Amino acid sequence: MTSLCLINGSPRKGQGTSSYLISELTKLFNTNVKTKEYYISNFMKDKTLLEEIISYDKIIFVSPLYADCFPSTMLEFMATFEDFIKEKDNIKIDMYCLVNCGFIEGTQNKIAINIMKNYCRRLNFNWRFGVGIGGGEFMKGSKDMPLNSRMKKPVYNAFLALKQDIENNSDNQVNNILTNAKIPKFIFKFAGNSGWKSMAKKNNLKTKNLYKQIY
Amino acid sequence: MLLIHDLNVNDSNEIIPLLPPNSKILSKEIDNIKGCLGCFNCWVKTPGKCIIEDSYTEMPKYILESGTFIIITEIKYGCYTSYVKNVIDRSIGILLPFFQIVNGELHHLPRYNNNSIKFRVIGYGEDVTANEEQTFKDLIKGNALNLCLSDYESYVIKDISEAKTILETL
């Protein structure tokens with residue numbers, strides 16, 4: 001039996017893409033992997049809950065990308081957890097991260113994954129690898145399209161790599177996986193821009209209002 | 001100038017007199033900053049302005065009026081500290097939600113003409129590793145691109161006294 005702790009750093013909690021990705025990933029594990037998802041806000045409210053994290057064999061830090069790195073609340077949690085770990089003796093947990101960004105390119109998560117790898121060294125945990133997914137909003141907004149569909153296959157394959165590494169207790173060196181759904185960039189850009197316009201419409205704003213220069 | 005910093009009181013007392021008069025200074029002591037919600041309302045509901053009411057509601061205004069936008073942050077794992085990062089997250093109304101392609105990658109379009117703004121980031125820490133230093137420099141480069149602040153410099157220092165020399169040259 002392998003126990004896996006999923007730490008969700010999204011300020012949008014269950015409404016965010018991170019939560020959707022966690023639900024898709026956890027579906028893939030066999031019955032020998034026991035998983036539990038935590039929101040970082042729960043740890044910040046009740047620090048005694050941090051003790052639970054160190055009872056797991058493996059951890060995945062899951063977060064959206066905010067301006068090339070993590071939301072401030074995630075960084076605050078990371079520092080709190082580091083202080084907690086410093087008080088403990090020699091805890092070795094296998095560590096992964098799963099970061100998603102709104103831009104289509106999974107490669108834009110590279111810096112955030114490096115931050116998480118640096119963090120892992122500070123914790124003295126065992127770094128496995130990071131997965132960076134692009135087009136996060138698209139992934140969540142197209143829930144009806146299965147993860148193993150042709151378009152989403154690269155993300156599915158990245159999740160399979162996580163599954164295999166975790167289930168096999170692997171200690172082989174694995175590179176970070178930076179990937180995204182197969183969508184031509186110009187189509188993604190057009191659809192994304194249309195999405196912003198329709199969100200504005202729901203707020204009774206016209207497209208030209210979105211360009212407003214208030215200062 | 002606009003300075004966002006996470007310095008302790010002693011260090012900030014050393015640094016702040018070096019700034020021109022009328023500079024705006026934001027630090028942890030100013031108000032209890034509320035966290036960015038990731039709601040995108042600064043793009044699609046109240047374009048250009050954050051919906052959270054506190055001393056950071058009008059961050060884009062402070063950046064635009066600054067001429068020089070300076071950050072002094074401790075380097076944590078190659079990143080900003082959480083307070084400084086929160087101020088950045090609260091500033092994205094300076095951009096438009098719409099995408100443009102830069103160097104083959106998607107990024108947001110600028111809302112304003114930011115060309116005259118200087119973006120200077122000083123990261124400090126006594127035990128910053130080589131990897132953390134590299135990550136930090138990559139992060140500032142990425143932020144400069146994503147915030148459409150093309151005139152940027154990043155500095156990594158061990159002791160805050162080195163920040164004085166940097167500030168004197170700005």
# chains A, B, ... in the order shown; residues from 1 in each chain; ligands from 1
$ residues_around --residues "region 150-153 of chain B" --least-positions-apart "3" --cutoff "6 Å" --atoms "only C-alpha atoms" --output "short mmCIF file (atom, residue, chain, number, x, y, z; two decimals) with C-alpha atoms, in the first residue's frame"
data_model
loop_
_atom_site.label_atom_id
_atom_site.label_comp_id
_atom_site.auth_asym_id
_atom_site.auth_seq_id
_atom_site.Cartn_x
_atom_site.Cartn_y
_atom_site.Cartn_z
CA LYS B 118 11.99 50.79 -15.24
CA PHE B 119 11.55 47.49 -13.37
CA ARG B 120 14.34 46.74 -10.89
CA ALA B 144 9.20 41.36 -17.00
#
$ residues_around --residues "Asp127 (chain B)" --least-positions-apart "4" --cutoff "10 Å" --atoms "only C-alpha atoms" --output "PyMOL selection string"
chain B and resi 75+132+158
$ write_last_selection --atoms "N, CA and C atoms" --output "PDB file, in the first residue's frame"
ATOM      1  N   ILE B  75      14.986  36.076  -1.119  1.00  0.00           N
ATOM      2  CA  ILE B  75      14.813  34.984  -2.091  1.00  0.00           C
ATOM      3  C   ILE B  75      14.452  33.710  -1.324  1.00  0.00           C
ATOM      4  N   GLU B 132      18.954  28.408  -6.816  1.00  0.00           N
ATOM      5  CA  GLU B 132      17.936  29.396  -6.431  1.00  0.00           C
ATOM      6  C   GLU B 132      18.207  30.739  -7.098  1.00  0.00           C
ATOM      7  N   LYS B 158      23.907  39.370  -1.106  1.00  0.00           N
ATOM      8  CA  LYS B 158      23.954  38.617   0.160  1.00  0.00           C
ATOM      9  C   LYS B 158      23.540  39.517   1.323  1.00  0.00           C
TER      10      LYS B 158
END
$ interface_residues --of "chain B" --to "chain A" --cutoff "6 Å" --atoms "only C-alpha atoms" --output "VMD selection string"
chain B and resid 37 44 to 45 47 61 77 to 78 82 85 to 86 98 106
$ residues_around --residues "Asn90 (chain A)" --least-positions-apart "5" --cutoff "9 Å" --atoms "only C-alpha atoms" --output "PyMOL selection string"
chain A and resi 85+124-125
$ write_last_selection --atoms "C-alpha atoms" --output "CSV table (one decimal), in the first residue's frame"
chain,number,residue,atom,x,y,z
A,85,ILE,CA,9.8,20.2,8.8
A,124,ASN,CA,15.5,17.5,2.3
A,125,PHE,CA,12.8,15.5,0.7
$ select_by_dssp --residues "region 34-136 of chain B" --states "strand (DSSP E or B)" --output "PyMOL selection string"
chain B and resi 68-74+76+79+95-102+105-110+118-124
$ write_last_selection --atoms "C-alpha atoms" --output "PDB file, in the first residue's frame"
ATOM      1  CA  THR B  68      10.861  53.221 -11.565  1.00  0.00           C
ATOM      2  CA  PHE B  69       9.251  50.181  -9.978  1.00  0.00           C
ATOM      3  CA  ILE B  70      11.592  48.591  -7.428  1.00  0.00           C
ATOM      4  CA  ILE B  71      11.147  45.345  -5.553  1.00  0.00           C
ATOM      5  CA  ILE B  72      13.375  44.250  -2.681  1.00  0.00           C
ATOM      6  CA  THR B  73      12.587  40.698  -1.639  1.00  0.00           C
ATOM      7  CA  GLU B  74      14.181  37.908   0.264  1.00  0.00           C
ATOM      8  CA  LYS B  76      12.839  31.931  -0.993  1.00  0.00           C
ATOM      9  CA  CYS B  79      11.046  33.012  -5.654  1.00  0.00           C
ATOM     10  CA  LEU B  95      -2.543  44.011 -18.348  1.00  0.00           C
ATOM     11  CA  LEU B  96      -5.401  43.131 -20.663  1.00  0.00           C
ATOM     12  CA  PRO B  97      -6.895  39.652 -20.503  1.00  0.00           C
ATOM     13  CA  PHE B  98      -6.352  39.244 -24.255  1.00  0.00           C
ATOM     14  CA  PHE B  99      -3.495  37.175 -25.588  1.00  0.00           C
ATOM     15  CA  GLN B 100      -0.643  38.107 -27.867  1.00  0.00           C
ATOM     16  CA  ILE B 101       2.130  35.870 -29.178  1.00  0.00           C
ATOM     17  CA  VAL B 102       5.632  36.913 -28.092  1.00  0.00           C
ATOM     18  CA  GLU B 105       4.513  31.952 -26.714  1.00  0.00           C
ATOM     19  CA  LEU B 106       1.175  33.293 -25.509  1.00  0.00           C
ATOM     20  CA  HIS B 107       1.283  36.262 -23.125  1.00  0.00           C
ATOM     21  CA  HIS B 108      -1.175  38.990 -22.159  1.00  0.00           C
ATOM     22  CA  LEU B 109      -1.368  42.299 -23.994  1.00  0.00           C
ATOM     23  CA  PRO B 110      -0.466  45.462 -22.072  1.00  0.00           C
ATOM     24  CA  LYS B 118      11.991  50.788 -15.242  1.00  0.00           C
ATOM     25  CA  PHE B 119      11.548  47.493 -13.372  1.00  0.00           C
ATOM     26  CA  ARG B 120      14.342  46.736 -10.891  1.00  0.00           C
ATOM     27  CA  VAL B 121      14.286  43.705  -8.624  1.00  0.00           C
ATOM     28  CA  ILE B 122      16.771  43.106  -5.824  1.00  0.00           C
ATOM     29  CA  GLY B 123      16.740  39.655  -4.231  1.00  0.00           C
ATOM     30  CA  TYR B 124      18.620  39.129  -1.004  1.00  0.00           C
TER      31      TYR B 124
END
$ residues_around --residues "Ile7 (chain A)" --least-positions-apart "6" --cutoff "8 Å" --atoms "only C-alpha atoms" --output "list in words"
Glu37, Tyr38, Tyr39, Ile40, Ile59, Ile60, Phe61 and Val62 of chain A
$ atom_distance --atom1 "CA of Gln15 (chain A)" --atom2 "CA of Ile177 (chain A)"
24.6 Å
$ closest_residue --among "B:Leu2, B:Ile51, B:Cys39, B:Leu7" --to "Pro21 (chain B)" --atoms "only C-alpha atoms"
B:Leu2
$ select_by_dssp --residues "chain B" --states "helix (DSSP H, G or I)" --output "JSON, numbers by chain"
{"B": [9, 10, 11, 12, 13, 14, 15, 16, 17, 18, 41, 42, 43, 44, 59, 60, 61, 62, 63, 64, 65, 66, 82, 83, 84, 85, 86, 87, 88, 89, 92, 93, 94, 130, 131, 132, 133, 134, 135, 136, 137, 138, 139, 140, 141, 142, 143, 144, 145, 146, 161, 162, 163, 164, 165, 166, 167, 168, 169]}
$ atom_distance --atom1 "CA of Cys50 (chain B)" --atom2 "CA of Tyr112 (chain B)"
16.1 Å
$ residues_around --residues "Asn113 (chain B)" --least-positions-apart "2" --cutoff "10 Å" --atoms "only C-alpha atoms" --output "list of chain:residue names"
B:Leu64, B:Ile94, B:Pro110, B:Arg111, B:Asn115, B:Ser116, B:Ile117, B:Cys148, B:Leu149
$ atom_distance --atom1 "CA of Lys163 (chain A)" --atom2 "CA of Thr26 (chain A)"
8.6 Å
